[in-house]
Every structure is written in C-alpha cells, then in structure tokens.
$ cat protein-v6.cif   # mmCIF, C-alpha atoms, pLDDT in the B column; chains and numbers go by the auth columns
data_input
#
loop_
_atom_site.group_PDB
_atom_site.id
_atom_site.type_symbol
_atom_site.label_atom_id
_atom_site.label_comp_id
_atom_site.label_asym_id
_atom_site.label_seq_id
_atom_site.Cartn_x
_atom_site.Cartn_y
_atom_site.Cartn_z
_atom_site.B_iso_or_equiv
_atom_site.auth_seq_id
_atom_site.auth_asym_id
ATOM 1 C CA GLN A 1 -25.226 -13.346 5.912 92.00 840 A
ATOM 2 C CA MET A 2 -28.664 -11.760 6.224 96.00 841 A
ATOM 3 C CA ILE A 3 -27.496 -9.507 9.052 97.00 842 A
ATOM 4 C CA SER A 4 -24.321 -8.596 7.192 97.00 843 A
ATOM 5 C CA GLY A 5 -26.384 -7.724 4.108 97.00 844 A
ATOM 6 C CA ILE A 6 -28.802 -5.636 6.164 98.00 845 A
ATOM 7 C CA PHE A 7 -26.016 -3.515 7.570 98.00 846 A
ATOM 8 C CA ASP A 8 -24.258 -3.235 4.216 98.00 847 A
ATOM 9 C CA THR A 9 -27.513 -1.825 2.826 98.00 848 A
ATOM 10 C CA LEU A 10 -27.891 0.576 5.763 98.00 849 A
ATOM 11 C CA SER A 11 -24.289 1.659 5.288 98.00 850 A
ATOM 12 C CA HIS A 12 -24.904 2.413 1.596 98.00 851 A
ATOM 13 C CA LEU A 13 -27.897 4.532 2.560 98.00 852 A
ATOM 14 C CA MET A 14 -26.026 6.408 5.312 98.00 853 A
ATOM 15 C CA GLU A 15 -22.981 7.044 3.148 97.00 854 A
ATOM 16 C CA GLN A 16 -25.198 8.746 0.590 96.00 855 A
ATOM 17 C CA TYR A 17 -27.244 10.536 3.264 97.00 856 A
ATOM 18 C CA PHE A 18 -24.313 12.013 5.199 97.00 857 A
ATOM 19 C CA SER A 19 -23.227 14.469 2.520 94.00 858 A
ATOM 20 C CA GLY A 20 -24.489 17.980 1.861 89.00 859 A
ATOM 21 C CA ASP A 21 -27.156 19.853 3.795 82.00 860 A
ATOM 22 C CA ASP A 22 -29.470 20.802 0.972 77.00 861 A
ATOM 23 C CA ASN A 23 -32.677 19.145 2.275 79.00 862 A
ATOM 24 C CA ASN A 24 -33.441 17.704 -1.146 87.00 863 A
ATOM 25 C CA THR A 25 -35.916 15.029 -2.247 94.00 864 A
ATOM 26 C CA THR A 26 -33.194 12.382 -2.200 95.00 865 A
ATOM 27 C CA ASP A 27 -32.740 12.860 1.552 96.00 866 A
ATOM 28 C CA TYR A 28 -36.428 12.121 2.105 96.00 867 A
ATOM 29 C CA ILE A 29 -36.157 8.971 -0.025 96.00 868 A
ATOM 30 C CA LEU A 30 -33.098 7.869 1.965 97.00 869 A
ATOM 31 C CA GLU A 31 -34.914 8.406 5.265 97.00 870 A
ATOM 32 C CA GLY A 32 -37.908 6.375 4.120 98.00 871 A
ATOM 33 C CA VAL A 33 -35.763 3.478 2.925 98.00 872 A
ATOM 34 C CA MET A 34 -33.688 3.504 6.134 98.00 873 A
ATOM 35 C CA GLU A 35 -36.850 3.345 8.239 98.00 874 A
ATOM 36 C CA ALA A 36 -38.265 0.501 6.118 98.00 875 A
ATOM 37 C CA LEU A 37 -34.994 -1.421 6.343 98.00 876 A
ATOM 38 C CA ILE A 38 -34.752 -1.058 10.125 98.00 877 A
ATOM 39 C CA ASP A 39 -38.390 -2.064 10.673 98.00 878 A
ATOM 40 C CA ASN A 40 -38.162 -5.121 8.413 98.00 879 A
ATOM 41 C CA ALA A 41 -34.769 -6.124 9.813 98.00 880 A
ATOM 42 C CA ARG A 42 -36.355 -6.380 13.248 98.00 881 A
ATOM 43 C CA VAL A 43 -39.096 -8.639 11.907 98.00 882 A
ATOM 44 C CA ALA A 44 -36.640 -10.837 9.986 98.00 883 A
ATOM 45 C CA LEU A 45 -34.359 -11.083 13.005 97.00 884 A
ATOM 46 C CA LYS A 46 -37.208 -12.652 14.990 97.00 885 A
ATOM 47 C CA ASN A 47 -38.331 -14.841 12.085 97.00 886 A
ATOM 48 C CA PRO A 48 -35.774 -15.210 9.273 96.00 887 A
ATOM 49 C CA GLU A 49 -38.390 -17.064 7.205 96.00 888 A
ATOM 50 C CA ASP A 50 -40.818 -14.142 7.158 98.00 889 A
ATOM 51 C CA TYR A 51 -41.162 -13.740 3.410 98.00 890 A
ATOM 52 C CA GLU A 52 -42.619 -10.236 3.474 98.00 891 A
ATOM 53 C CA ALA A 53 -39.867 -8.867 5.727 98.00 892 A
ATOM 54 C CA ARG A 54 -37.143 -10.535 3.675 98.00 893 A
ATOM 55 C CA SER A 55 -38.630 -9.286 0.393 98.00 894 A
ATOM 56 C CA ASN A 56 -38.859 -5.748 1.782 98.00 895 A
ATOM 57 C CA ILE A 57 -35.208 -5.959 2.846 98.00 896 A
ATOM 58 C CA MET A 58 -34.310 -6.959 -0.727 97.00 897 A
ATOM 59 C CA TRP A 59 -36.376 -4.050 -2.082 98.00 898 A
ATOM 60 C CA CYS A 60 -34.543 -1.654 0.262 98.00 899 A
ATOM 61 C CA THR A 61 -31.264 -3.126 -0.953 97.00 900 A
ATOM 62 C CA THR A 62 -32.262 -2.640 -4.589 97.00 901 A
ATOM 63 C CA ILE A 63 -33.217 0.991 -3.999 96.00 902 A
ATOM 64 C CA GLY A 64 -30.099 1.661 -1.929 93.00 903 A
ATOM 65 C CA LEU A 65 -27.708 0.248 -4.518 92.00 904 A
ATOM 66 C CA ASN A 66 -29.251 1.299 -7.840 93.00 905 A
ATOM 67 C CA THR A 67 -27.983 4.940 -7.661 92.00 906 A
ATOM 68 C CA ILE A 68 -31.431 6.535 -7.169 94.00 907 A
ATOM 69 C CA THR A 69 -30.560 7.333 -3.554 95.00 908 A
ATOM 70 C CA GLY A 70 -27.380 9.053 -4.693 94.00 909 A
ATOM 71 C CA VAL A 71 -29.014 11.547 -7.053 92.00 910 A
ATOM 72 C CA SER A 72 -27.772 15.079 -6.291 91.00 911 A
ATOM 73 C CA LYS A 73 -25.701 13.837 -3.330 93.00 912 A
ATOM 74 C CA ALA A 74 -21.936 14.319 -2.954 93.00 913 A
ATOM 75 C CA GLN A 75 -21.792 10.940 -1.119 96.00 914 A
ATOM 76 C CA ASP A 76 -19.366 9.776 1.568 97.00 915 A
ATOM 77 C CA TRP A 77 -17.968 6.287 0.918 98.00 916 A
ATOM 78 C CA GLU A 78 -15.047 6.431 3.365 98.00 917 A
ATOM 79 C CA VAL A 79 -16.464 3.752 5.688 98.00 918 A
ATOM 80 C CA HIS A 80 -16.559 1.405 2.701 98.00 919 A
ATOM 81 C CA MET A 81 -12.996 2.284 1.712 98.00 920 A
ATOM 82 C CA ILE A 82 -11.709 1.500 5.209 98.00 921 A
ATOM 83 C CA GLU A 83 -13.697 -1.742 5.418 98.00 922 A
ATOM 84 C CA HIS A 84 -12.398 -2.955 2.064 98.00 923 A
ATOM 85 C CA GLN A 85 -8.901 -2.840 3.539 98.00 924 A
ATOM 86 C CA LEU A 86 -10.090 -4.519 6.748 98.00 925 A
ATOM 87 C CA GLY A 87 -11.369 -7.312 4.495 96.00 926 A
ATOM 88 C CA ALA A 88 -7.945 -7.545 2.845 96.00 927 A
ATOM 89 C CA TYR A 89 -6.321 -8.356 6.203 97.00 928 A
ATOM 90 C CA THR A 90 -9.073 -10.427 7.868 97.00 929 A
ATOM 91 C CA ASP A 91 -11.910 -12.802 6.946 93.00 930 A
ATOM 92 C CA CYS A 92 -14.447 -10.322 8.301 95.00 931 A
ATOM 93 C CA ALA A 93 -17.806 -10.310 6.491 97.00 932 A
ATOM 94 C CA HIS A 94 -18.229 -6.981 4.682 97.00 933 A
ATOM 95 C CA GLY A 95 -21.376 -5.734 6.442 98.00 934 A
ATOM 96 C CA ILE A 96 -20.009 -6.709 9.850 98.00 935 A
ATOM 97 C CA GLY A 97 -16.837 -4.692 9.259 98.00 936 A
ATOM 98 C CA LEU A 98 -18.884 -1.703 8.112 98.00 937 A
ATOM 99 C CA ALA A 99 -20.884 -1.792 11.354 98.00 938 A
ATOM 100 C CA ILE A 100 -17.764 -1.919 13.520 98.00 939 A
ATOM 101 C CA ILE A 101 -16.146 1.011 11.689 98.00 940 A
ATOM 102 C CA SER A 102 -19.290 3.156 11.363 98.00 941 A
ATOM 103 C CA ILE A 103 -19.711 4.145 15.012 98.00 942 A
ATOM 104 C CA PRO A 104 -16.188 5.522 15.640 98.00 943 A
ATOM 105 C CA TYR A 105 -16.167 7.048 12.157 98.00 944 A
ATOM 106 C CA TYR A 106 -19.416 8.936 12.666 98.00 945 A
ATOM 107 C CA LYS A 107 -18.379 10.037 16.144 98.00 946 A
ATOM 108 C CA TYR A 108 -15.208 11.426 14.573 98.00 947 A
ATOM 109 C CA ILE A 109 -16.880 13.367 11.733 98.00 948 A
ATOM 110 C CA TYR A 110 -20.342 14.290 13.009 98.00 949 A
ATOM 111 C CA LYS A 111 -19.407 17.867 14.023 98.00 950 A
ATOM 112 C CA TYR A 112 -18.533 18.644 10.397 97.00 951 A
ATOM 113 C CA GLY A 113 -22.077 17.741 9.294 97.00 952 A
ATOM 114 C CA LEU A 114 -23.845 18.471 12.547 97.00 953 A
ATOM 115 C CA ASP A 115 -27.237 19.471 11.150 96.00 954 A
ATOM 116 C CA LYS A 116 -27.560 16.265 9.108 97.00 955 A
ATOM 117 C CA PHE A 117 -26.613 14.124 12.114 98.00 956 A
ATOM 118 C CA VAL A 118 -29.254 15.956 14.157 97.00 957 A
ATOM 119 C CA ARG A 119 -31.799 15.253 11.420 97.00 958 A
ATOM 120 C CA PHE A 120 -30.733 11.561 11.355 98.00 959 A
ATOM 121 C CA ALA A 121 -31.254 11.315 15.121 98.00 960 A
ATOM 122 C CA GLU A 122 -34.672 12.949 15.026 97.00 961 A
ATOM 123 C CA LYS A 123 -36.077 11.409 11.842 97.00 962 A
ATOM 124 C CA ILE A 124 -34.664 7.881 11.915 98.00 963 A
ATOM 125 C CA TRP A 125 -34.277 7.181 15.637 98.00 964 A
ATOM 126 C CA LYS A 126 -36.971 9.540 16.998 97.00 965 A
ATOM 127 C CA VAL A 127 -34.579 11.138 19.477 98.00 966 A
ATOM 128 C CA GLU A 128 -36.433 13.663 21.632 94.00 967 A
ATOM 129 C CA SER A 129 -34.528 16.900 21.101 88.00 968 A
ATOM 130 C CA LYS A 130 -36.180 19.043 23.775 91.00 969 A
ATOM 131 C CA ASN A 131 -33.600 20.633 26.124 94.00 970 A
ATOM 132 C CA LEU A 132 -30.697 18.999 24.242 97.00 971 A
ATOM 133 C CA THR A 133 -27.896 20.726 22.354 98.00 972 A
ATOM 134 C CA LYS A 134 -27.289 19.844 18.711 98.00 973 A
ATOM 135 C CA ASP A 135 -24.197 17.903 19.764 98.00 974 A
ATOM 136 C CA GLU A 136 -26.207 15.900 22.286 98.00 975 A
ATOM 137 C CA ILE A 137 -28.924 15.119 19.740 98.00 976 A
ATOM 138 C CA ALA A 138 -26.396 14.021 17.104 98.00 977 A
ATOM 139 C CA LEU A 139 -24.522 11.784 19.552 98.00 978 A
ATOM 140 C CA ALA A 140 -27.810 10.303 20.787 98.00 979 A
ATOM 141 C CA GLY A 141 -28.592 9.333 17.187 98.00 980 A
ATOM 142 C CA ILE A 142 -25.199 7.664 16.780 98.00 981 A
ATOM 143 C CA GLU A 143 -25.815 5.825 20.060 98.00 982 A
ATOM 144 C CA LYS A 144 -29.189 4.595 18.728 98.00 983 A
ATOM 145 C CA LEU A 145 -27.357 3.302 15.657 98.00 984 A
ATOM 146 C CA SER A 146 -24.914 1.533 17.977 98.00 985 A
ATOM 147 C CA GLU A 147 -27.812 -0.027 19.887 98.00 986 A
ATOM 148 C CA PHE A 148 -29.314 -1.255 16.600 98.00 987 A
ATOM 149 C CA ILE A 149 -25.995 -2.898 15.687 98.00 988 A
ATOM 150 C CA LYS A 150 -26.033 -4.723 19.028 98.00 989 A
ATOM 151 C CA GLU A 151 -29.706 -5.642 18.513 98.00 990 A
ATOM 152 C CA LEU A 152 -28.704 -7.328 15.246 97.00 991 A
ATOM 153 C CA GLY A 153 -26.050 -9.310 17.125 97.00 992 A
ATOM 154 C CA ILE A 154 -23.139 -7.776 15.223 97.00 993 A
ATOM 155 C CA PRO A 155 -19.698 -7.664 16.898 97.00 994 A
ATOM 156 C CA THR A 156 -18.676 -4.174 17.999 97.00 995 A
ATOM 157 C CA THR A 157 -14.876 -4.383 18.025 98.00 996 A
ATOM 158 C CA LEU A 158 -12.229 -5.190 15.435 98.00 997 A
ATOM 159 C CA ARG A 159 -10.660 -7.700 17.827 98.00 998 A
ATOM 160 C CA GLU A 160 -13.799 -9.844 17.584 98.00 999 A
ATOM 161 C CA VAL A 161 -13.315 -10.330 13.830 97.00 1000 A
ATOM 162 C CA GLY A 162 -9.670 -11.359 13.999 97.00 1001 A
ATOM 163 C CA THR A 163 -7.929 -8.002 13.648 98.00 1002 A
ATOM 164 C CA THR A 164 -4.593 -7.710 15.414 98.00 1003 A
ATOM 165 C CA GLU A 165 -3.073 -4.434 16.569 97.00 1004 A
ATOM 166 C CA ASP A 166 -0.235 -4.602 14.040 98.00 1005 A
ATOM 167 C CA MET A 167 -2.787 -4.644 11.203 98.00 1006 A
ATOM 168 C CA LEU A 168 -4.216 -1.232 12.103 98.00 1007 A
ATOM 169 C CA PRO A 169 -1.474 0.972 10.536 98.00 1008 A
ATOM 170 C CA LYS A 170 -1.480 -1.239 7.431 98.00 1009 A
ATOM 171 C CA ILE A 171 -5.241 -0.852 7.040 98.00 1010 A
ATOM 172 C CA ALA A 172 -5.037 2.916 7.646 98.00 1011 A
ATOM 173 C CA ASN A 173 -2.174 3.488 5.228 98.00 1012 A
ATOM 174 C CA SER A 174 -3.736 1.422 2.428 98.00 1013 A
ATOM 175 C CA SER A 175 -7.279 2.813 2.663 98.00 1014 A
ATOM 176 C CA VAL A 176 -8.390 4.895 -0.314 98.00 1015 A
ATOM 177 C CA ILE A 177 -9.208 8.444 0.798 98.00 1016 A
ATOM 178 C CA LEU A 178 -12.175 10.032 -0.949 96.00 1017 A
ATOM 179 C CA ASP A 179 -13.790 13.455 -1.185 92.00 1018 A
ATOM 180 C CA GLY A 180 -17.533 13.798 -0.793 93.00 1019 A
ATOM 181 C CA GLY A 181 -17.965 13.468 2.958 95.00 1020 A
ATOM 182 C CA TYR A 182 -18.097 16.168 5.591 97.00 1021 A
ATOM 183 C CA LYS A 183 -14.396 15.689 6.316 97.00 1022 A
ATOM 184 C CA LYS A 184 -11.583 14.363 4.144 97.00 1023 A
ATOM 185 C CA LEU A 185 -9.487 12.129 6.377 98.00 1024 A
ATOM 186 C CA THR A 186 -5.760 11.554 6.540 98.00 1025 A
ATOM 187 C CA PRO A 187 -4.195 8.112 7.130 98.00 1026 A
ATOM 188 C CA ASP A 188 -3.423 9.208 10.712 98.00 1027 A
ATOM 189 C CA GLU A 189 -7.077 10.065 11.292 98.00 1028 A
ATOM 190 C CA ILE A 190 -8.144 6.693 9.885 98.00 1029 A
ATOM 191 C CA LEU A 191 -5.707 5.055 12.293 98.00 1030 A
ATOM 192 C CA THR A 192 -7.289 6.991 15.171 98.00 1031 A
ATOM 193 C CA ILE A 193 -10.724 5.689 14.127 98.00 1032 A
ATOM 194 C CA LEU A 194 -9.431 2.126 13.815 98.00 1033 A
ATOM 195 C CA LYS A 195 -7.861 2.291 17.279 98.00 1034 A
ATOM 196 C CA GLU A 196 -11.203 3.450 18.655 98.00 1035 A
ATOM 197 C CA ALA A 197 -12.879 0.496 16.901 98.00 1036 A
ATOM 198 C CA TYR A 198 -10.266 -1.961 18.162 98.00 1037 A
#
$ encode --input "protein-v6.cif" --output "structure tokens"
Amino acid sequence: QMISGIFDTLSHLMEQYFSGDDNNTTDYILEGVMEALIDNARVALKNPEDYEARSNIMWCTTIGLNTITGVSKAQDWEVHMIEHQLGAYTDCAHGIGLAIISIPYYKYIYKYGLDKFVRFAEKIWKVESKNLTKDEIALAGIEKLSEFIKELGIPTTLREVGTTEDMLPKIANSSVILDGGYKKLTPDEILTILKEAY
C-alpha cells in the first residue's frame, strides 16, 4: 500500500507537470516535490518504519493533492482515467495500475510535449544531455522513470495484475477522454497503449 500510494502521488504530480510549456512557478514546485518524493521513497523502501521518510512522503502527498501544484496548469489526467477503468475490470491497486500505464502512455505522447519531457529528464532524473538529441533525452527520462518503478518493486505489465487480453478493448472504450494533455487520445490510441502495457 505504501508503494502504491507513492506512485499515485508521483502520478498526480506528473499529470499536472506534463501540460503547457510556460516555465511557471508551479513547474518548479512540482519538480521539488517530485524530487523529495523520490528521495524519501528510496529511504522508506529500505526501512518502512523510518518516520521522517514516511512523514515526508505524506507531506508530498498533501502538496500533490491539494490543488496547489495545479495552479495555472492545464493538467493531463488521462493516465488516471485509463487506470480507473483498469480498476473496474481487475483488483489492481490504483497506484500499481498507474505505474504500469504511465510508461507506454508517456512514450506515446512525449513528442507532443517534447521540451517538458526533456526538462523532466534533466531536472528530475539528472540525465546528461550532452551529445543527445531532444528525443533521446526525453526517452532517457522515461526510462529512468521505468527503472524507478522497478526499484519500487511494482509490476510492469497488465498481465501481472490479472488483466486478460479480452479486457483491453473494454477498458479502452470505457475510459473517459480528457483535454488538458499534450495529445487528446482516441479509444483506438488508448487500446494501442494498453496493448503495449500488456
């Protein structure tokens, strides 16, 4: 439950972060909270009874869910919309489902918000950008996110959480499609992402 909550918090932060390219104060707040969450998650993973790490995780969660980190942001909640439907068809814990969906989703949309994904790679994951294209930097950042998911011990495929292939079109066709992100998806595109996650 702790790990699921950690990723749910990170997902909230990313879904607010990956919208717009206006370099506003809210983006700096989001980056700071993401870094604090990742650092404290690593401590709590080694020692779940570390009070300071756990309290900092709860503080990150409070900041990430109290709307401050959404001020002036368009916000992209599509990963959440897809996961809600995954949860309707399986017993998957919410944060675990978000982690599984996030990687193929971000790989699918990153080109539409390339500069922000480059910033995410450089600021959050300290990707060395020298001699790399923007595409390479952005994908390296998504790969670092994937490595963090594995570090937390979270499953990486939908099969691991009880999803069957026949569920995928049902999940895709019932997912709420929102504006606010870098790309508004269609049900067919959601199905493509789910197949990649499967």
$ resolve_selection --input "protein-v6.cif" --expression "the PyMOL selection byres ((chain A and resi 1025-1028) around 8)" --output "PyMOL selection string"
chain A and resi 1011-1012+1014+1016+1023-1024+1029-1032
$ resolve_selection --input "protein-v6.cif" --expression "the PyMOL selection byres ((chain A and resi 921) around 12)" --output "PyMOL selection string"
chain A and resi 915-920+922-928+933+936-941+944+1007-1017+1024-1026+1028-1030+1032-1033+1036
$ closest_residue --input "protein-v6.cif" --among "A:Thr900, A:Ser858, A:Asn886, A:Thr995" --to "A:Val872" --atoms "all atoms listed in the file"
A:Thr900
$ atom_distance --input "protein-v6.cif" --atom1 "atom CA of A:Tyr949" --atom2 "atom CA of A:Ala977"
7.3 Å
$ closest_residue --input "protein-v6.cif" --among "A:Cys931, A:Met873, A:Leu991, A:Met853" --to "A:Met841" --atoms "only C-alpha atoms"
A:Leu991
$ residues_around --input "protein-v6.cif" --residues "A:Thr865" --least-positions-apart "2" --cutoff "9 Å" --atoms "all atoms listed in the file" --output "list of chain:residue names"
A:Tyr856, A:Asn862, A:Asn863, A:Tyr867, A:Ile868, A:Leu869, A:Glu870, A:Ile907, A:Thr908, A:Gly909, A:Val910, A:Ser911, A:Lys912
$ resolve_selection --input "protein-v6.cif" --expression "the PyMOL selection byres ((chain A and resi 882) around 12)" --output "JSON, numbers by chain"
{"A": [842, 875, 876, 877, 878, 879, 880, 881, 883, 884, 885, 886, 887, 888, 889, 890, 891, 892, 893, 894, 895, 896, 990, 991]}
$ residues_around --input "protein-v6.cif" --residues "A:Glu986" --least-positions-apart "6" --cutoff "12 Å" --atoms "all atoms listed in the file" --output "CSV table (one decimal) with C-alpha atoms, in the coordinates of the input"
chain,number,residue,atom,x,y,z
A,938,ALA,CA,-20.9,-1.8,11.4
A,942,ILE,CA,-19.7,4.1,15.0
A,964,TRP,CA,-34.3,7.2,15.6
A,979,ALA,CA,-27.8,10.3,20.8
A,980,GLY,CA,-28.6,9.3,17.2
A,992,GLY,CA,-26.0,-9.3,17.1
A,993,ILE,CA,-23.1,-7.8,15.2
A,994,PRO,CA,-19.7,-7.7,16.9
A,995,THR,CA,-18.7,-4.2,18.0
